[in-house]
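start28.cif follows; it contains mmCIF, C-alpha atoms and all ligand atoms.
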```
data_protein
loop_
_atom_site.label_atom_id
_atom_site.label_comp_id
_atom_site.auth_asym_id
_atom_site.auth_seq_id
_atom_site.Cartn_x
_atom_site.Cartn_y
_atom_site.Cartn_z
CA MET A 1226 63.80 -72.49 101.24
CA ALA A 1227 62.06 -75.69 102.28
CA LEU A 1228 59.42 -75.19 104.97
CA ILE A 1229 59.93 -76.84 108.31
CA ARG A 1230 57.06 -79.09 109.26
CA ALA A 1231 55.71 -80.19 112.63
CA VAL A 1232 56.97 -83.41 114.18
CA ARG A 1233 55.05 -86.49 113.00
CA GLY A 1234 52.00 -87.29 115.11
CA MET A 1235 51.82 -83.76 116.53
CA LYS A 1236 49.28 -81.25 115.36
CA ASP A 1237 48.46 -77.58 115.60
CA ILE A 1238 45.12 -76.58 117.05
CA LEU A 1239 44.00 -73.40 115.33
CA PRO A 1240 41.07 -71.00 115.64
CA PRO A 1241 38.16 -71.41 115.45
CA GLU A 1242 38.75 -75.02 116.59
CA SER A 1243 40.84 -73.81 119.53
CA GLU A 1244 37.78 -71.94 120.78
CA ARG A 1245 35.89 -75.19 121.02
CA TRP A 1246 38.75 -76.63 123.05
CA GLN A 1247 38.50 -73.65 125.40
CA TRP A 1248 34.81 -74.21 125.78
CA VAL A 1249 35.32 -77.89 126.63
CA GLU A 1250 37.91 -76.98 129.25
CA THR A 1251 35.81 -74.18 130.73
CA THR A 1252 32.86 -76.55 131.01
CA ALA A 1253 34.98 -79.20 132.74
CA ARG A 1254 36.43 -76.60 135.12
CA GLU A 1255 32.98 -75.48 136.13
CA VAL A 1256 31.86 -79.03 136.93
CA PHE A 1257 35.11 -79.73 138.83
CA ARG A 1258 34.46 -76.64 140.93
CA LEU A 1259 30.99 -77.85 141.85
CA TYR A 1260 32.37 -81.17 143.06
CA GLY A 1261 35.30 -79.69 144.97
CA TYR A 1262 38.16 -80.58 142.62
CA ARG A 1263 41.08 -78.17 142.38
CA GLU A 1264 43.69 -77.72 139.70
CA LEU A 1265 47.21 -79.10 139.67
CA ARG A 1266 49.66 -77.78 137.08
CA LEU A 1267 52.49 -80.24 136.82
CA PRO A 1268 55.62 -80.50 134.68
CA LEU A 1269 55.56 -82.22 131.31
CA LEU A 1270 58.84 -83.91 132.13
CA GLU A 1271 59.37 -86.46 134.89
CA ARG A 1272 62.05 -88.91 135.87
CA THR A 1273 61.69 -92.04 133.77
CA GLU A 1274 61.60 -94.31 136.82
CA LEU A 1275 58.31 -92.72 137.94
CA PHE A 1276 56.49 -94.24 134.99
CA ALA A 1277 58.52 -97.43 134.82
CA ARG A 1278 57.67 -98.16 138.45
CA SER A 1279 53.99 -97.26 138.39
CA ILE A 1280 52.54 -98.06 134.98
CA GLY A 1281 54.07 -101.52 134.69
CA THR A 1282 56.97 -102.60 132.52
CA ASP A 1283 54.88 -104.86 130.32
CA THR A 1284 52.27 -102.29 129.36
CA ASP A 1285 52.10 -100.75 125.89
CA ILE A 1286 53.09 -97.41 127.36
CA VAL A 1287 56.27 -98.46 129.10
CA ALA A 1288 57.24 -101.18 126.65
CA LYS A 1289 57.08 -99.09 123.49
CA GLU A 1290 55.43 -95.70 123.76
CA MET A 1291 57.49 -93.50 126.02
CA TYR A 1292 59.34 -90.39 124.88
CA THR A 1293 62.43 -90.99 126.93
CA PHE A 1294 65.77 -89.27 126.59
CA ILE A 1295 68.92 -88.53 128.52
CA ASP A 1296 69.27 -84.88 129.49
CA ARG A 1297 72.53 -82.95 129.49
CA HIS A 1298 73.26 -84.08 133.01
CA GLY A 1299 72.91 -87.74 132.08
CA ASP A 1300 69.55 -88.27 133.80
CA SER A 1301 66.86 -90.29 132.10
CA VAL A 1302 63.71 -88.21 131.74
CA THR A 1303 60.37 -88.90 130.05
CA LEU A 1304 57.64 -86.70 128.61
CA ARG A 1305 54.61 -87.70 130.62
CA PRO A 1306 52.49 -90.35 128.90
CA GLU A 1307 49.69 -90.10 131.47
CA ALA A 1308 48.86 -88.13 134.58
CA THR A 1309 48.02 -90.39 137.50
CA ALA A 1310 51.59 -91.36 138.34
CA GLN A 1311 52.74 -87.77 138.40
CA VAL A 1312 49.74 -86.63 140.41
CA VAL A 1313 50.71 -89.20 143.03
CA ARG A 1314 54.35 -88.09 142.79
CA ALA A 1315 53.35 -84.46 143.38
CA PHE A 1316 50.92 -85.47 146.11
CA LEU A 1317 53.65 -87.25 148.06
CA GLU A 1318 56.43 -84.80 147.33
CA ASN A 1319 54.34 -81.84 148.50
CA ARG A 1320 52.96 -83.71 151.55
CA LEU A 1321 49.39 -83.26 150.38
CA GLU A 1322 48.34 -86.51 152.06
CA LYS A 1323 48.23 -84.71 155.41
CA GLY A 1324 44.86 -83.85 156.92
CA ALA A 1325 41.51 -85.54 156.77
CA GLY A 1326 39.21 -86.02 153.82
CA VAL A 1327 39.48 -87.04 150.22
CA LYS A 1328 42.01 -84.95 148.27
CA LYS A 1329 40.49 -83.98 144.96
CA TYR A 1330 42.44 -82.71 141.96
CA PHE A 1331 42.06 -82.12 138.28
CA LEU A 1332 44.68 -81.48 135.65
CA MET A 1333 44.60 -80.63 131.96
CA GLY A 1334 47.32 -80.73 129.38
CA PRO A 1335 49.33 -82.62 126.81
CA MET A 1336 50.48 -86.22 127.13
CA PHE A 1337 53.08 -87.89 124.90
CA ARG A 1338 53.14 -91.41 123.53
CA TYR A 1339 55.21 -92.68 120.69
CA GLU A 1340 52.43 -94.54 118.89
CA ARG A 1341 51.71 -95.06 115.23
CA PRO A 1342 49.87 -91.85 114.25
CA GLN A 1343 46.36 -92.40 112.89
CA LYS A 1344 42.86 -91.10 113.45
CA GLY A 1345 42.33 -90.70 117.18
CA ARG A 1346 45.96 -91.50 117.95
CA TYR A 1347 48.52 -88.76 118.18
CA ARG A 1348 51.96 -88.54 119.68
CA GLN A 1349 51.07 -85.41 121.56
CA PHE A 1350 47.47 -85.55 122.71
CA TYR A 1351 45.51 -83.84 125.44
CA GLN A 1352 43.80 -85.13 128.51
CA ILE A 1353 41.51 -83.78 131.17
CA ASN A 1354 42.33 -85.76 134.29
CA CYS A 1355 40.65 -86.13 137.61
CA GLU A 1356 42.09 -87.85 140.68
CA ALA A 1357 40.52 -88.42 144.11
CA LEU A 1358 42.93 -89.71 146.73
CA GLY A 1359 42.21 -91.12 150.15
CA SER A 1360 38.99 -93.12 150.08
CA ASP A 1361 38.00 -96.61 149.10
CA ALA A 1362 34.28 -95.93 149.42
CA PRO A 1363 32.22 -97.17 146.45
CA GLU A 1364 30.27 -93.92 146.78
CA LEU A 1365 33.39 -92.11 145.59
CA ASP A 1366 33.68 -94.32 142.50
CA ALA A 1367 30.06 -93.66 141.62
CA GLU A 1368 30.29 -89.94 142.32
CA VAL A 1369 33.38 -89.48 140.15
CA ILE A 1370 31.67 -91.33 137.29
CA LEU A 1371 28.62 -89.15 137.84
CA MET A 1372 30.82 -86.06 137.62
CA LEU A 1373 32.35 -87.30 134.37
CA TRP A 1374 28.82 -87.92 133.09
CA GLU A 1375 27.86 -84.38 134.02
CA ILE A 1376 30.80 -82.97 132.05
CA LEU A 1377 29.97 -85.07 128.99
CA GLY A 1378 26.29 -84.15 129.31
CA ARG A 1379 27.00 -80.42 129.46
CA LEU A 1380 29.06 -80.85 126.32
CA LYS A 1381 25.93 -82.29 124.67
CA LEU A 1382 27.63 -85.57 123.89
CA SER A 1383 25.23 -88.37 123.27
CA ASN A 1384 25.49 -91.95 122.02
CA LEU A 1385 28.14 -92.73 124.57
CA ARG A 1386 28.50 -96.09 126.25
CA LEU A 1387 29.76 -96.51 129.77
CA LEU A 1388 31.49 -99.86 130.24
CA VAL A 1389 32.19 -100.99 133.78
CA ASN A 1390 34.09 -103.85 135.38
CA SER A 1391 35.79 -104.72 138.63
CA LEU A 1392 39.40 -105.87 138.64
CA GLY A 1393 39.26 -106.93 142.27
CA CYS A 1394 42.06 -106.62 144.77
CA PRO A 1395 45.51 -108.26 144.43
CA GLU A 1396 44.14 -111.48 145.97
CA CYS A 1397 41.27 -111.69 143.48
CA GLN A 1398 43.74 -110.94 140.71
CA GLU A 1399 46.05 -113.77 141.82
CA ASP A 1400 43.19 -116.22 141.62
CA PHE A 1401 42.06 -114.84 138.30
CA LYS A 1402 45.53 -114.80 136.77
CA ALA A 1403 45.92 -118.50 137.55
CA LYS A 1404 42.62 -119.32 135.83
CA LEU A 1405 43.38 -117.02 132.93
CA LYS A 1406 46.84 -118.50 132.46
CA LEU A 1407 45.36 -122.00 132.20
CA PHE A 1408 42.99 -120.71 129.56
CA LEU A 1409 45.69 -118.86 127.63
CA PHE A 1410 47.88 -121.96 127.49
CA SER A 1411 44.96 -124.14 126.44
CA ARG A 1412 44.45 -122.16 123.23
CA GLU A 1413 46.64 -121.47 120.21
CA GLY A 1414 46.88 -118.53 117.86
CA TRP A 1415 47.91 -115.69 120.17
CA CYS A 1416 49.87 -112.78 118.73
CA PRO A 1417 53.62 -112.65 119.54
CA ASP A 1418 53.03 -110.00 122.22
CA CYS A 1419 50.42 -112.13 123.94
CA LEU A 1420 52.59 -115.23 123.79
CA ARG A 1421 55.03 -113.28 125.95
CA ARG A 1422 52.33 -111.66 128.08
CA ARG A 1423 50.67 -114.95 128.99
CA GLU A 1424 53.89 -115.91 130.74
CA VAL A 1425 54.72 -112.69 132.51
CA ASN A 1426 51.54 -110.66 132.80
CA PRO A 1427 48.44 -112.56 131.64
CA LEU A 1428 46.03 -109.71 132.55
CA ARG A 1429 47.59 -107.61 129.79
CA VAL A 1430 46.37 -110.10 127.20
CA LEU A 1431 42.83 -108.91 127.90
CA ASP A 1432 43.86 -105.44 126.67
CA CYS A 1433 45.31 -106.72 123.38
CA LYS A 1434 44.07 -104.84 120.32
CA SER A 1435 44.69 -107.67 117.83
CA GLN A 1436 41.54 -109.01 116.23
CA THR A 1437 42.51 -112.69 116.52
CA CYS A 1438 43.35 -112.35 120.21
CA ARG A 1439 40.06 -110.57 120.82
CA GLU A 1440 38.20 -113.36 119.12
CA LEU A 1441 40.00 -116.01 121.19
CA LEU A 1442 39.28 -114.08 124.38
CA LYS A 1443 35.54 -114.33 123.95
CA THR A 1444 35.46 -117.54 125.97
CA ALA A 1445 38.13 -116.54 128.51
CA PRO A 1446 37.28 -116.61 132.23
CA VAL A 1447 35.97 -113.35 133.67
CA LEU A 1448 37.22 -111.43 136.69
CA LYS A 1449 33.80 -111.27 138.24
CA ASP A 1450 33.95 -114.98 139.04
CA SER A 1451 37.19 -114.45 140.97
CA LEU A 1452 36.09 -111.52 143.12
CA CYS A 1453 36.37 -112.00 146.88
CA GLU A 1454 33.44 -111.21 149.15
CA ALA A 1455 34.57 -107.62 149.88
CA CYS A 1456 35.38 -106.77 146.26
CA SER A 1457 32.11 -108.25 145.13
CA ARG A 1458 30.16 -106.11 147.61
CA HIS A 1459 32.12 -103.01 146.58
CA TYR A 1460 31.34 -103.64 142.94
CA SER A 1461 27.61 -104.19 143.48
CA ARG A 1462 27.37 -101.02 145.53
CA VAL A 1463 28.99 -99.01 142.71
CA LEU A 1464 26.54 -100.47 140.19
CA THR A 1465 23.55 -99.82 142.45
CA LEU A 1466 24.57 -96.19 142.88
CA LEU A 1467 25.07 -95.71 139.14
CA GLU A 1468 21.55 -97.02 138.67
CA GLN A 1469 20.25 -94.63 141.33
CA PHE A 1470 21.98 -91.74 139.58
CA GLY A 1471 20.19 -92.72 136.40
CA ILE A 1472 23.39 -93.45 134.48
CA ASP A 1473 23.13 -96.16 131.84
CA PHE A 1474 26.04 -98.54 131.95
CA GLU A 1475 27.00 -101.93 130.63
CA GLU A 1476 29.03 -104.47 132.50
CA GLN A 1477 32.03 -105.39 130.41
CA PRO A 1478 33.50 -108.44 132.16
CA ARG A 1479 36.76 -108.43 130.17
CA LEU A 1480 37.54 -104.75 130.46
CA VAL A 1481 40.95 -104.17 131.99
CA ARG A 1482 42.84 -100.95 131.41
CA GLY A 1483 46.10 -100.17 129.70
CA LEU A 1484 47.94 -99.70 133.00
CA ASP A 1485 48.96 -102.21 135.63
CA TYR A 1486 47.95 -100.36 138.75
CA TYR A 1487 44.18 -100.65 138.60
CA THR A 1488 42.18 -102.43 141.31
CA ARG A 1489 38.44 -102.85 141.78
CA THR A 1490 36.33 -100.49 139.63
CA ALA A 1491 37.56 -99.94 136.06
CA PHE A 1492 35.55 -98.18 133.39
CA GLU A 1493 35.67 -96.76 129.92
CA VAL A 1494 33.43 -94.41 127.96
CA THR A 1495 33.23 -95.15 124.25
CA ALA A 1496 31.70 -93.36 121.27
CA ALA A 1497 30.83 -95.56 118.30
CA ALA A 1498 31.25 -92.61 115.93
CA LEU A 1499 35.00 -92.66 116.59
CA GLY A 1500 35.55 -95.97 114.80
CA ALA A 1501 38.57 -98.05 115.77
CA GLN A 1502 39.90 -95.79 118.55
CA ASP A 1503 36.59 -95.40 120.28
CA ALA A 1504 37.54 -94.72 123.93
CA VAL A 1505 36.81 -91.12 124.89
CA ALA A 1506 37.58 -91.56 128.56
CA GLY A 1507 38.78 -94.23 130.91
CA GLY A 1508 39.49 -94.59 134.55
CA GLY A 1509 39.15 -96.53 137.73
CA ARG A 1510 40.52 -97.32 141.12
CA TYR A 1511 44.21 -97.62 141.94
CA ASN A 1512 44.47 -98.73 145.53
CA GLY A 1513 48.05 -99.95 145.43
CA LEU A 1514 49.69 -97.12 143.53
CA ILE A 1515 50.39 -94.60 146.28
CA ARG A 1516 52.19 -97.19 148.38
CA GLU A 1517 53.97 -98.49 145.30
CA LEU A 1518 55.42 -95.01 144.83
CA GLY A 1519 56.72 -94.90 148.38
CA GLY A 1520 53.76 -93.26 150.11
CA PRO A 1521 51.27 -94.42 152.72
CA ASP A 1522 48.73 -97.13 151.95
CA LEU A 1523 46.07 -94.83 150.53
CA PRO A 1524 43.49 -95.69 147.90
CA GLY A 1525 42.73 -93.56 144.85
CA PHE A 1526 40.25 -93.21 142.04
CA GLY A 1527 40.39 -91.20 138.83
CA PHE A 1528 39.77 -90.84 135.13
CA ALA A 1529 41.23 -89.32 132.00
CA ILE A 1530 39.23 -87.81 129.17
CA GLY A 1531 40.97 -87.93 125.78
CA GLU A 1532 40.31 -84.38 124.67
CA ASP A 1533 41.29 -84.86 121.01
CA ARG A 1534 38.80 -87.67 120.59
CA LEU A 1535 36.17 -85.82 122.56
CA LEU A 1536 36.47 -82.90 120.15
CA GLU A 1537 36.00 -85.27 117.25
CA VAL A 1538 32.57 -86.29 118.51
CA LEU A 1539 31.54 -82.89 119.84
CA PRO A 1540 28.47 -81.73 117.88
CA GLU A 1541 29.50 -79.25 115.18
CA ALA A 1542 27.46 -76.38 116.60
CA GLU A 1543 28.76 -76.65 120.17
CA GLY A 1544 31.43 -74.40 121.58
CA ARG A 1545 31.48 -71.90 118.74
CA SER A 1546 31.53 -68.46 120.27
CA ALA A 1547 28.80 -66.20 118.95
CA ASP A 1548 30.86 -63.51 117.29
CA GLN A 1549 30.00 -60.04 118.49
CA SER A 1550 33.10 -58.21 117.48
CA VAL A 1551 33.26 -54.71 116.08
CA PHE A 1552 35.54 -53.47 113.32
CA LEU A 1553 36.30 -49.76 113.09
CA ALA A 1554 36.93 -48.62 109.53
CA ALA A 1555 38.76 -45.30 109.51
CA LEU A 1556 39.06 -43.27 106.30
CA GLY A 1557 41.76 -40.66 106.42
CA ARG A 1558 44.31 -39.49 108.96
CA SER A 1559 42.07 -37.64 111.42
CA ALA A 1560 39.47 -40.42 111.42
CA LEU A 1561 42.26 -42.89 112.23
CA GLU A 1562 43.34 -40.74 115.19
CA ARG A 1563 39.77 -40.65 116.48
CA CYS A 1564 39.33 -44.40 115.98
CA LEU A 1565 42.47 -45.11 118.00
CA THR A 1566 40.72 -43.80 121.11
CA LEU A 1567 37.31 -45.16 120.13
CA VAL A 1568 38.58 -48.70 119.79
CA GLN A 1569 40.01 -48.49 123.30
CA GLU A 1570 36.72 -47.19 124.67
CA LEU A 1571 34.84 -50.10 123.13
CA ARG A 1572 37.28 -52.60 124.60
CA GLY A 1573 36.96 -50.86 127.94
CA ALA A 1574 33.24 -51.51 127.72
CA GLY A 1575 33.85 -55.22 127.18
CA LEU A 1576 33.32 -55.27 123.41
CA ALA A 1577 35.82 -57.05 121.19
CA ALA A 1578 37.03 -54.35 118.80
CA GLU A 1579 39.67 -54.05 116.12
CA MET A 1580 40.77 -51.58 113.47
CA ASP A 1581 43.14 -51.33 110.56
CA PHE A 1582 46.26 -49.14 110.78
CA ASP A 1583 47.40 -49.45 107.21
CA GLY A 1584 45.21 -46.85 105.49
CA ARG A 1585 43.33 -49.32 103.27
CA SER A 1586 40.40 -48.28 101.08
CA LEU A 1587 36.88 -48.64 102.44
CA LYS A 1588 36.31 -51.64 100.21
CA ALA A 1589 39.47 -53.34 101.46
CA GLN A 1590 38.57 -52.62 105.07
CA MET A 1591 35.06 -54.01 104.60
CA SER A 1592 36.39 -57.24 103.19
CA LEU A 1593 38.93 -57.42 106.01
CA ALA A 1594 36.11 -56.97 108.55
CA ASP A 1595 34.22 -59.71 106.80
CA ARG A 1596 37.16 -62.07 106.92
CA LEU A 1597 37.62 -61.35 110.63
CA GLY A 1598 33.98 -62.23 111.19
CA ALA A 1599 33.06 -58.80 112.57
CA ARG A 1600 29.41 -58.57 113.60
CA TRP A 1601 29.28 -54.80 113.16
CA VAL A 1602 31.46 -52.30 111.33
CA ALA A 1603 31.62 -48.66 112.40
CA ILE A 1604 32.74 -46.45 109.51
CA LEU A 1605 34.30 -43.09 110.17
CA GLY A 1606 35.26 -40.73 107.32
CA ASP A 1607 36.23 -37.06 107.40
CA ARG A 1608 32.69 -35.92 106.69
CA GLU A 1609 31.19 -38.00 109.55
CA LEU A 1610 33.97 -36.86 111.84
CA ALA A 1611 33.18 -33.20 111.13
CA ALA A 1612 29.50 -33.85 111.85
CA GLY A 1613 30.27 -35.84 115.03
CA GLU A 1614 28.69 -38.94 113.54
CA ILE A 1615 29.66 -42.49 112.66
CA VAL A 1616 28.00 -45.07 110.41
CA VAL A 1617 27.21 -48.44 112.00
CA ARG A 1618 26.72 -51.31 109.63
CA ASP A 1619 25.11 -54.60 110.61
CA MET A 1620 27.15 -57.22 108.76
CA LYS A 1621 24.40 -59.82 108.99
CA SER A 1622 21.51 -57.81 107.60
CA GLY A 1623 23.58 -55.34 105.59
CA SER A 1624 21.57 -52.41 106.97
CA GLN A 1625 23.35 -49.34 108.27
CA GLU A 1626 22.57 -46.14 110.10
CA SER A 1627 24.34 -43.01 111.18
CA ILE A 1628 24.57 -42.29 114.92
CA ARG A 1629 26.39 -39.79 117.15
CA ILE A 1630 30.00 -40.82 117.83
CA MET A 1631 29.31 -40.17 121.51
CA GLU A 1632 26.63 -42.84 121.43
CA LEU A 1633 28.64 -45.53 119.65
CA LYS A 1634 29.63 -47.39 122.78
CA SER A 1635 26.15 -47.60 124.29
CA ALA A 1636 24.52 -48.35 120.94
CA LEU A 1637 26.84 -51.30 120.31
CA LYS A 1638 26.42 -52.55 123.84
CA ASN A 1639 22.64 -52.51 123.39
CA LEU A 1640 22.89 -54.34 120.09
CA ALA A 1641 25.15 -56.98 121.62
CA ALA A 1642 22.89 -57.40 124.65
CA ALA A 1643 19.79 -57.67 122.47
CA GLU A 1644 21.43 -60.42 120.46
CA GLU A 1645 22.63 -62.26 123.53
CA GLY A 1646 19.04 -62.27 124.80
CA ASN A 1647 17.77 -64.00 121.67
P1 LIG B 1 43.60 -96.84 123.79
O1 LIG B 1 42.91 -98.10 124.17
O2 LIG B 1 42.79 -96.02 122.83
O3 LIG B 1 45.02 -97.01 123.38
P2 LIG B 1 44.55 -96.19 126.40
O4 LIG B 1 44.00 -97.27 127.25
O5 LIG B 1 45.95 -96.26 125.96
O6 LIG B 1 43.61 -95.97 125.12
P3 LIG B 1 44.39 -94.28 128.53
O7 LIG B 1 45.78 -94.44 128.94
O8 LIG B 1 43.32 -94.84 129.35
O9 LIG B 1 44.25 -94.79 127.02
O10 LIG B 1 44.09 -92.74 128.26
C1 LIG B 1 42.80 -92.17 128.44
C2 LIG B 1 42.26 -91.58 127.17
O11 LIG B 1 43.24 -90.81 126.50
C3 LIG B 1 41.83 -92.60 126.13
O12 LIG B 1 40.55 -93.08 126.42
C4 LIG B 1 41.88 -91.81 124.86
O13 LIG B 1 40.69 -91.04 124.70
C5 LIG B 1 43.03 -90.87 125.10
N1 LIG B 1 44.23 -91.31 124.40
C6 LIG B 1 45.11 -92.27 124.77
N2 LIG B 1 46.12 -92.38 123.89
C7 LIG B 1 45.88 -91.44 122.93
C8 LIG B 1 46.57 -91.02 121.74
N3 LIG B 1 47.73 -91.57 121.38
N4 LIG B 1 46.02 -90.02 120.99
C9 LIG B 1 44.87 -89.44 121.35
N5 LIG B 1 44.19 -89.78 122.46
C10 LIG B 1 44.67 -90.77 123.24
MG MG B 2 46.99 -96.89 124.21
#
```

Will you turn the file into C-alpha cells for me?
Amino acid sequence: MALIRAVRGMKDILPPESERWQWVETTAREVFRLYGYRELRLPLLERTELFARSIGTDTDIVAKEMYTFIDRHGDSVTLRPEATAQVVRAFLENRLEKGAGVKKYFLMGPMFRYERPQKGRYRQFYQINCEALGSDAPELDAEVILMLWEILGRLKLSNLRLLVNSLGCPECQEDFKAKLKLFLFSREGWCPDCLRRREVNPLRVLDCKSQTCRELLKTAPVLKDSLCEACSRHYSRVLTLLEQFGIDFEEQPRLVRGLDYYTRTAFEVTAAALGAQDAVAGGGRYNGLIRELGGPDLPGFGFAIGEDRLLEVLPEAEGRSADQSVFLAALGRSALERCLTLVQELRGAGLAAEMDFDGRSLKAQMSLADRLGARWVAILGDRELAAGEIVVRDMKSGSQESIRIMELKSALKNLAAAEEGN
C-alpha cells in the first residue's frame, strides 16, 4: 500500500535533533525564570476574528497565510499564526491585568502559516515568545532585548545582528504615512501588492520582500524624521541602555514588522548564515493592541524567536546530550530474570538503562547496544550469574572488566560521575 506522507510544509523533528530542541527550550526557560517570566500554555486554535482584528487585514499573515476553517458548529476558527494576539486575549479573558506591576509571560509552541514552503519557511513552525504587559518604560524595552540576548548567548550563537528602529506613536505614524505616500506615488515600478498597499496601508510597503521594491525603498523617507518629541526621547533612551548593556546593535531606519500593531521600538535579530530568510527573532512594542482587543489602555512589549531557524544556526556541537546510557546484555533465561531487576535498580539510581527481551545472541545484543549509543554494556551470562559477577564493557575504549553484580550500580555511577567531571 502507498505510504501516507506528512502535510506539505510540515516536518517531523526526530532524535537526536529533538534533543537539541529540548536543550534550546530548557535554556530559554532558565533565562525566563531569572527575569521573572512565567509560562502560558494556550490553545492552538482561536476565533478567526482575534487575528483579523489585531494583526491587520492588509498584512501577509491575514491576507494570505492563515489556516482558517469553519468548524462543525459553523464558527470560523484559525490555527494561530503568532502568539501576541492570543496572549492578549488570554490576559483579558482571565483578568490578568488586575494588580500592579508588569505582567511577564513566555510561551512556546507551534505556529501555522500557509506560506510557500522553502528553507527557513514552514507551514508549521515553532516559536519561543515573550510578552511583557503594562509598562511603556524604555527600560523595559532594553531589558527584554537584553534577556533575548542572554538566551542567544547561552545558546552560543554568534554572528547575529540586532537591528533596531522606532515606529513612533500613531501621531508620528500619521505624519510619516503622509510623507511615505507622497514618495510611493512619486516613483514607478512597485510590485502589484505594493501598488495596493500604497493606497491603503503604505507602512506595509516597507516590509515588502520583492527585490525591486526594496531597491526603490532605499531613498524612501525614514520614520526617525517623523518621531514626536516623546517618541524620540523614548527611542534614544532605549539605544543608550542597549549601549550600557554592551549589546551591539544597528539602527535600521526602514525596519517595520510584519504586523500592524507595533508602536515605538521595533527590532529584529538576523543571522547571515540563514540566507534569504535570515530573521531569527523579531519583536517590539505594541501600545495600542490591548485596547484594540477590548481591554484597558495598557502598553506591551515582546518578541518571538523562530525556533526552526535558530536550530539551523545552532553550532553543531551544542545541545547534544553526552550519552551515558547502559545496556544490559542477558544471555539465557536466568540471566534475563536477573537483568529485569538490575535494569530497574540502575534506573532507580538515575542511570539511563535498557535491555533486550528477545533472547538475541551476544553479538546481536552488542550491535544493538552500539546502535542505541550505549556508553557501557553490562554482560550477564549463566557462568557470571553463578559466580555473582557481571562483565562491564566500556564501549568507547573497548576495555572490559568483571565486577560483583552487587557493585554494578555504584561502579556505573562512579564511571558516569567521573566522565561528567571531565
Ligand atoms: P519573515 O520576514 O521571515 O517572513 P515574519 O516577520 O513573518 O518573518 P514574525 O511574525 O516576526 O516573522 O515571526 C517571528 C519569527 O518567527 C521570525 O523572525 C522567524 O524566525 C520565524 N518565522 C516566521 N514565519 C516562519 C515560517 N513560516 N517558518 C519558520 N519560521 C518562521
Ligand atoms: Mg512572514

Could you check the closest approach to ligand LIG 1 (chain B) for each of A:Ser1624, A:Gln1590, A:Ser1435, A:Ser1243 and tell me which residue wins, using only C-alpha atoms and all ligand atoms? A:Ser1435

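Here the question is which of A:Trp1246, A:Tyr1330, A:Trp1374, A:Phe1492 gets nearest to ligand LIG 1 (chain B) using only C-alpha atoms and all ligand atoms, and that residue is A:Phe1492.
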
Which one of A:Pro1335, A:Pro1524, A:Gly1575, A:Gly1359 sits closest to ligand LIG 1 (chain B) if you count only C-alpha atoms and all ligand atoms? A:Pro1335

May I have the residues within 10 Å of Thr1303 of chain A as an mmCIF file with C-alpha atoms, in the frame of the given file, using only C-alpha atoms and disregarding those fewer than 6 positions away in the same chain?
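The file below, selection29.cif, is the result:
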```
data_model
loop_
_atom_site.group_PDB
_atom_site.id
_atom_site.type_symbol
_atom_site.label_atom_id
_atom_site.label_comp_id
_atom_site.auth_asym_id
_atom_site.auth_seq_id
_atom_site.Cartn_x
_atom_site.Cartn_y
_atom_site.Cartn_z
ATOM 1 C CA LEU A 1269 55.560 -82.220 131.310
ATOM 2 C CA LEU A 1270 58.840 -83.910 132.130
ATOM 3 C CA GLU A 1271 59.370 -86.460 134.890
ATOM 4 C CA ARG A 1272 62.050 -88.910 135.870
ATOM 5 C CA THR A 1273 61.690 -92.040 133.770
ATOM 6 C CA GLU A 1274 61.600 -94.310 136.820
ATOM 7 C CA LEU A 1275 58.310 -92.720 137.940
ATOM 8 C CA PHE A 1276 56.490 -94.240 134.990
ATOM 9 C CA ALA A 1277 58.520 -97.430 134.820
ATOM 10 C CA MET A 1291 57.490 -93.500 126.020
ATOM 11 C CA TYR A 1292 59.340 -90.390 124.880
ATOM 12 C CA THR A 1293 62.430 -90.990 126.930
ATOM 13 C CA PHE A 1294 65.770 -89.270 126.590
ATOM 14 C CA ILE A 1295 68.920 -88.530 128.520
ATOM 15 C CA ASP A 1296 69.270 -84.880 129.490
ATOM 16 C CA PHE A 1337 53.080 -87.890 124.900
#
```

Taking all atoms listed in the file into account, list the residues no farther than 12 Å from ligand MG 2 (chain B), as a ChimeraX atom specification. /A:1284-1291,1306-1307,1336-1342,1345-1348,1350,1432-1434,1482-1484,1501-1507,1531

Suppose you want the space between atom CA of Gly1623 of chain A and atom CA of Leu1556 of chain A; what is it in Å?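 Spanning atom CA of Gly1623 of chain A to atom CA of Leu1556 of chain A is a straight-line distance of 19.6 Å.
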
Find, counting only C-alpha atoms and all ligand atoms, the residue in A:Arg1534, A:Lys1404, A:Arg1233, A:Arg1263 that gets nearest to ligand LIG 1 (chain B). A:Arg1534

Residues near Ala1491 of chain A, cut-off 6 Å, all atoms listed in the file, skip fewer than 6 positions along chain, as a list of chain:residue names: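 Result of the neighbour search: A:Val1389, A:Asn1390, A:Ser1391, A:Gly1508, A:Gly1509.
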
Using Å and a single decimal, report how far atom CA of Ser1546 of chain A sits from atom CA of Glu1264 of chain A.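 Between atom CA of Glu1264 of chain A and atom CA of Ser1546 of chain A the gap is 24.7 Å.
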
Box for ligand LIG 1 (chain B): with edges along x, y and z, all listed atoms inside and 5 Å added on each side, what are the centre and edge lengths in Å to one decimal, as lines of an AutoDock Vina configuration file?
```
center_x = 44.1
center_y = -93.8
center_z = 125.2
size_x = 17.2
size_y = 18.7
size_z = 18.4
```
